[in-house]
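One structure is given below, encoded as structure tokens.
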Amino acid sequence: MKRILVLHGPNLNLLGTREPEIYGKMTLADINGRLETRAKRAGVLIEFLQSNHEGVLVDAIQEAQGKYDFILLNAAAYTHYSIALRDAIGSIDVPVIEVHLSNIHKREGFRHHSVIAPVVMGQVAGLGAESYLAALEAALLKLGVAE
Ligand code: DQA
């Protein structure tokens with residue numbers, strides 16, 4: 001059975017109430033639920049972790065090696081400055097898809113640069129909760145388990 005890990009970075013636990021005009025009204029549980037439904041239909045095991053702590057995310061990325069076939073990662077603010085996350089992604093063979101709810105390229109200048117972009121397979125941004133679903137669909141296709 002293929003396994004996918006979904007990692008959510010800082011402040012994403014507040015989705016639903018956090019700046020809904022930017023991030024939408026869905027909660028993290030709603031998003032995870034939609035991902036779970038899709039993954040189940042494809043017969044894939046999906047697991048979720050949200051953390052506000054950089055080191056916890058670094059540990060999760062390191063530990064994904066040999067355990068997961070894909071990672072979907074919304075590194076949130078860490079996207080823009082965490083060399084530690086970038087190095088962790090660069091240290092494993094598990095492919096990573098970078099996910100953002102908002103279109104980081106049309107927001108404040110400091111959000112335009114992703115330090116993890118050069119070490120991920122690809123990026124999905126700006127589609128709201130559908131960014132995660134699009135990333136999952138891509139992972140399922142790459143894994144050969146999408147209908
Ligand atoms: C985000 C975009 C980041 O710039 C921001 O810091 C977040 C969420 C997004 O999903 O749009 O926390 O990653």
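Order determines the names: the first chain of the structure tokens is A, the second B, and so forth; residues in each chain are numbered 1 upward, and ligands are numbered 1 upward as they are shown.
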### Task
Fewer than 5 positions away in the same chain doesn't count, so skip those; otherwise give me all residues within 12 Å of Val119 of chain A, counting only C-alpha atoms, as number ranges by chain.
A: 79, 83, 85-98, 114
Go ahead and save the picked residues with N, CA, C and O atoms, as an mmCIF file, in the first residue's frame.
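Done, and the output landed in part26.cif:
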```cif
data_model
loop_
_atom_site.group_PDB
_atom_site.id
_atom_site.type_symbol
_atom_site.label_atom_id
_atom_site.label_comp_id
_atom_site.auth_asym_id
_atom_site.auth_seq_id
_atom_site.Cartn_x
_atom_site.Cartn_y
_atom_site.Cartn_z
ATOM 1 N N THR A 79 8.368 28.419 4.586
ATOM 2 C CA THR A 79 8.662 28.380 3.144
ATOM 3 C C THR A 79 9.685 29.434 2.757
ATOM 4 O O THR A 79 10.538 29.215 1.900
ATOM 5 N N ILE A 83 16.068 27.364 6.010
ATOM 6 C CA ILE A 83 17.104 26.553 5.351
ATOM 7 C C ILE A 83 17.120 25.157 5.969
ATOM 8 O O ILE A 83 17.466 24.171 5.316
ATOM 9 N N LEU A 85 14.500 23.361 6.858
ATOM 10 C CA LEU A 85 13.504 22.537 6.144
ATOM 11 C C LEU A 85 14.015 22.186 4.748
ATOM 12 O O LEU A 85 13.874 21.061 4.286
ATOM 13 N N ARG A 86 14.592 23.167 4.098
ATOM 14 C CA ARG A 86 15.143 22.913 2.755
ATOM 15 C C ARG A 86 16.186 21.796 2.799
ATOM 16 O O ARG A 86 16.180 20.878 1.982
ATOM 17 N N ASP A 87 17.091 21.868 3.776
ATOM 18 C CA ASP A 87 18.135 20.847 3.882
ATOM 19 C C ASP A 87 17.547 19.478 4.210
ATOM 20 O O ASP A 87 18.038 18.448 3.718
ATOM 21 N N ALA A 88 16.510 19.464 5.045
ATOM 22 C CA ALA A 88 15.866 18.179 5.381
ATOM 23 C C ALA A 88 15.260 17.562 4.119
ATOM 24 O O ALA A 88 15.446 16.367 3.852
ATOM 25 N N ILE A 89 14.559 18.381 3.330
ATOM 26 C CA ILE A 89 13.946 17.871 2.084
ATOM 27 C C ILE A 89 15.039 17.357 1.140
ATOM 28 O O ILE A 89 14.909 16.300 0.526
ATOM 29 N N GLY A 90 16.143 18.115 1.072
ATOM 30 C CA GLY A 90 17.258 17.720 0.203
ATOM 31 C C GLY A 90 17.983 16.472 0.670
ATOM 32 O O GLY A 90 18.771 15.886 -0.077
ATOM 33 N N SER A 91 17.737 16.056 1.905
ATOM 34 C CA SER A 91 18.450 14.914 2.484
ATOM 35 C C SER A 91 17.704 13.601 2.322
ATOM 36 O O SER A 91 18.230 12.544 2.689
ATOM 37 N N ILE A 92 16.475 13.645 1.815
ATOM 38 C CA ILE A 92 15.696 12.407 1.672
ATOM 39 C C ILE A 92 15.361 12.174 0.205
ATOM 40 O O ILE A 92 15.442 13.083 -0.617
ATOM 41 N N ASP A 93 14.979 10.910 -0.080
ATOM 42 C CA ASP A 93 14.628 10.563 -1.465
ATOM 43 C C ASP A 93 13.136 10.688 -1.732
ATOM 44 O O ASP A 93 12.700 10.516 -2.862
ATOM 45 N N VAL A 94 12.365 10.929 -0.688
ATOM 46 C CA VAL A 94 10.904 10.992 -0.851
ATOM 47 C C VAL A 94 10.536 12.269 -1.607
ATOM 48 O O VAL A 94 10.948 13.362 -1.199
ATOM 49 N N PRO A 95 9.791 12.151 -2.710
ATOM 50 C CA PRO A 95 9.407 13.368 -3.427
ATOM 51 C C PRO A 95 8.439 14.231 -2.614
ATOM 52 O O PRO A 95 7.561 13.703 -1.925
ATOM 53 N N VAL A 96 8.639 15.546 -2.718
ATOM 54 C CA VAL A 96 7.826 16.504 -1.959
ATOM 55 C C VAL A 96 7.119 17.435 -2.934
ATOM 56 O O VAL A 96 7.732 17.957 -3.875
ATOM 57 N N ILE A 97 5.830 17.657 -2.712
ATOM 58 C CA ILE A 97 5.098 18.695 -3.451
ATOM 59 C C ILE A 97 4.805 19.828 -2.474
ATOM 60 O O ILE A 97 4.256 19.605 -1.391
ATOM 61 N N GLU A 98 5.221 21.029 -2.873
ATOM 62 C CA GLU A 98 5.007 22.234 -2.054
ATOM 63 C C GLU A 98 3.592 22.756 -2.316
ATOM 64 O O GLU A 98 3.190 22.908 -3.470
ATOM 65 N N SER A 114 10.489 31.234 -2.338
ATOM 66 C CA SER A 114 10.413 29.997 -1.560
ATOM 67 C C SER A 114 11.803 29.384 -1.513
ATOM 68 O O SER A 114 12.353 29.028 -2.559
#
```
#### Entry: Expected selection as a VMD selection string for ligand 1 within 9 Å, only C-alpha atoms and all ligand atoms
chain A and resid 8 to 12 22 to 23 74 to 80 98 to 104 107 to 108 110 to 112 114 125 to 126 128 to 129 131
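Taking only C-alpha atoms, the non-local environment of Leu45 of chain A within 8 Å (same-chain residues fewer than 6 positions away omitted) comprises Met1, Lys2, Arg3, Ile4 and Ala39 of chain A.
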### Message
Residues of chain A classed as alpha helix (DSSP H) by DSSP on the backbone are to be reported as a VMD selection string.
### Response
chain A and resid 20 to 23 28 to 41 54 to 64 83 to 90 129 to 143
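Across the structure, atom CA of Gly66 of chain A and atom CA of Ala42 of chain A are spaced 20.7 Å apart.
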### Task
Taking the chain letters and numbering used in this document, name the residues of segment 18-123 of chain A that DSSP puts in strand (DSSP E), as a VMD selection string.
chain A and resid 45 to 50 70 to 74 96 to 100 122 to 123
### Query
So which one's closest to Val145 of chain A, A:Gly24, A:Gln50, A:Asp69, A:Ala29? Using only C-alpha atoms, please.
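Smallest separation from Val145 of chain A among the options: A:Asp69.
Here atom CA of Glu147 of chain A is placed at a distance of 9.2 Å from atom CA of Arg41 of chain A.
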### Task
Excluding Asp30 of chain A and residues on its chain fewer than 3 positions from it, collect all residues at most 12 Å away from it, counting only C-alpha atoms, and give them as a ChimeraX atom specification.
/A:13-16,24-27,33-37,129-130,132-133
Those residues with all heavy atoms, as a compact mmCIF listing (two decimals), in the first residue's frame please?
```
# COMPACT_ATOMS: atom_id res chain seq x y z
N ASN A 13 -3.07 25.47 11.86
CA ASN A 13 -4.07 24.95 12.80
C ASN A 13 -5.22 25.94 12.98
O ASN A 13 -6.29 25.57 13.44
CB ASN A 13 -3.43 24.64 14.16
CG ASN A 13 -2.66 25.80 14.75
OD1 ASN A 13 -1.86 26.43 14.05
ND2 ASN A 13 -2.87 26.11 16.01
N LEU A 14 -5.00 27.20 12.61
CA LEU A 14 -6.02 28.24 12.79
C LEU A 14 -6.91 28.42 11.55
O LEU A 14 -7.75 29.32 11.51
CB LEU A 14 -5.36 29.58 13.14
CG LEU A 14 -4.52 29.59 14.42
CD1 LEU A 14 -3.91 30.97 14.63
CD2 LEU A 14 -5.37 29.20 15.61
N LEU A 15 -6.71 27.59 10.55
CA LEU A 15 -7.51 27.75 9.32
C LEU A 15 -8.99 27.69 9.66
O LEU A 15 -9.42 26.91 10.52
CB LEU A 15 -7.19 26.65 8.30
CG LEU A 15 -5.87 26.80 7.55
CD1 LEU A 15 -5.69 25.64 6.58
CD2 LEU A 15 -5.77 28.13 6.82
N GLY A 16 -9.76 28.52 8.96
CA GLY A 16 -11.19 28.62 9.25
C GLY A 16 -11.48 29.98 9.87
O GLY A 16 -12.41 30.66 9.48
N GLY A 24 -9.48 31.23 3.20
CA GLY A 24 -10.74 30.50 3.09
C GLY A 24 -11.33 30.15 4.44
O GLY A 24 -10.74 30.43 5.49
N LYS A 25 -12.49 29.53 4.39
CA LYS A 25 -13.24 29.25 5.62
C LYS A 25 -13.13 27.79 6.06
O LYS A 25 -13.65 27.42 7.11
CB LYS A 25 -14.70 29.62 5.43
CG LYS A 25 -14.91 31.14 5.39
CD LYS A 25 -16.37 31.51 5.47
CE LYS A 25 -16.53 33.02 5.32
NZ LYS A 25 -17.70 33.40 4.54
N MET A 26 -12.47 26.98 5.26
CA MET A 26 -12.34 25.57 5.66
C MET A 26 -11.35 25.44 6.79
O MET A 26 -10.31 26.11 6.80
CB MET A 26 -11.86 24.74 4.47
CG MET A 26 -12.91 24.47 3.43
SD MET A 26 -12.29 23.34 2.19
CE MET A 26 -12.90 21.82 2.83
N THR A 27 -11.65 24.56 7.71
CA THR A 27 -10.70 24.28 8.80
C THR A 27 -9.68 23.26 8.29
O THR A 27 -9.88 22.61 7.25
CB THR A 27 -11.42 23.70 10.03
OG1 THR A 27 -11.96 22.42 9.66
CG2 THR A 27 -12.53 24.62 10.52
N GLY A 33 -9.93 15.99 5.90
CA GLY A 33 -11.03 15.07 5.61
C GLY A 33 -11.21 14.86 4.11
O GLY A 33 -11.39 13.73 3.65
N ARG A 34 -11.13 15.96 3.36
CA ARG A 34 -11.27 15.83 1.90
C ARG A 34 -10.12 15.02 1.31
O ARG A 34 -10.31 14.20 0.41
CB ARG A 34 -11.31 17.22 1.25
CG ARG A 34 -12.64 17.93 1.51
CD ARG A 34 -12.68 19.30 0.86
NE ARG A 34 -12.81 19.23 -0.59
CZ ARG A 34 -12.80 20.31 -1.39
NH1 ARG A 34 -12.67 21.51 -0.87
NH2 ARG A 34 -12.93 20.18 -2.69
N LEU A 35 -8.92 15.26 1.84
CA LEU A 35 -7.75 14.51 1.34
C LEU A 35 -7.90 13.02 1.68
O LEU A 35 -7.60 12.14 0.86
CB LEU A 35 -6.47 15.06 1.96
CG LEU A 35 -6.08 16.49 1.52
CD1 LEU A 35 -4.91 17.00 2.35
CD2 LEU A 35 -5.71 16.52 0.03
N GLU A 36 -8.38 12.77 2.88
CA GLU A 36 -8.53 11.38 3.32
C GLU A 36 -9.54 10.63 2.45
O GLU A 36 -9.30 9.49 2.06
CB GLU A 36 -8.97 11.36 4.79
CG GLU A 36 -9.02 9.96 5.36
CD GLU A 36 -8.52 9.91 6.79
OE1 GLU A 36 -8.89 10.81 7.57
OE2 GLU A 36 -7.78 8.97 7.12
N THR A 37 -10.65 11.31 2.13
CA THR A 37 -11.68 10.68 1.29
C THR A 37 -11.08 10.29 -0.06
O THR A 37 -11.28 9.18 -0.56
CB THR A 37 -12.86 11.66 1.08
OG1 THR A 37 -13.37 11.99 2.38
CG2 THR A 37 -13.95 11.06 0.22
N ALA A 129 -8.18 25.41 -0.76
CA ALA A 129 -8.09 24.00 -0.32
C ALA A 129 -7.79 23.09 -1.51
O ALA A 129 -7.17 22.02 -1.35
CB ALA A 129 -9.39 23.59 0.36
N GLU A 130 -8.22 23.52 -2.70
CA GLU A 130 -7.97 22.69 -3.89
C GLU A 130 -6.48 22.59 -4.22
O GLU A 130 -6.09 21.71 -4.97
CB GLU A 130 -8.75 23.21 -5.10
CG GLU A 130 -10.22 22.84 -5.10
CD GLU A 130 -11.05 23.61 -4.09
OE1 GLU A 130 -10.74 24.79 -3.85
OE2 GLU A 130 -12.01 23.04 -3.54
N TYR A 132 -4.28 21.64 -2.13
CA TYR A 132 -3.92 20.35 -1.52
C TYR A 132 -4.46 19.19 -2.36
O TYR A 132 -3.79 18.18 -2.55
CB TYR A 132 -4.52 20.23 -0.12
CG TYR A 132 -3.82 21.00 0.97
CD1 TYR A 132 -4.27 22.26 1.36
CD2 TYR A 132 -2.72 20.45 1.64
CE1 TYR A 132 -3.65 22.96 2.39
CE2 TYR A 132 -2.10 21.13 2.68
CZ TYR A 132 -2.57 22.39 3.04
OH TYR A 132 -1.96 23.06 4.06
N LEU A 133 -5.72 19.34 -2.84
CA LEU A 133 -6.33 18.25 -3.61
C LEU A 133 -5.61 18.05 -4.94
O LEU A 133 -5.43 16.92 -5.39
CB LEU A 133 -7.81 18.53 -3.83
CG LEU A 133 -8.63 18.29 -2.56
CD1 LEU A 133 -9.96 19.02 -2.62
CD2 LEU A 133 -8.86 16.80 -2.32
```
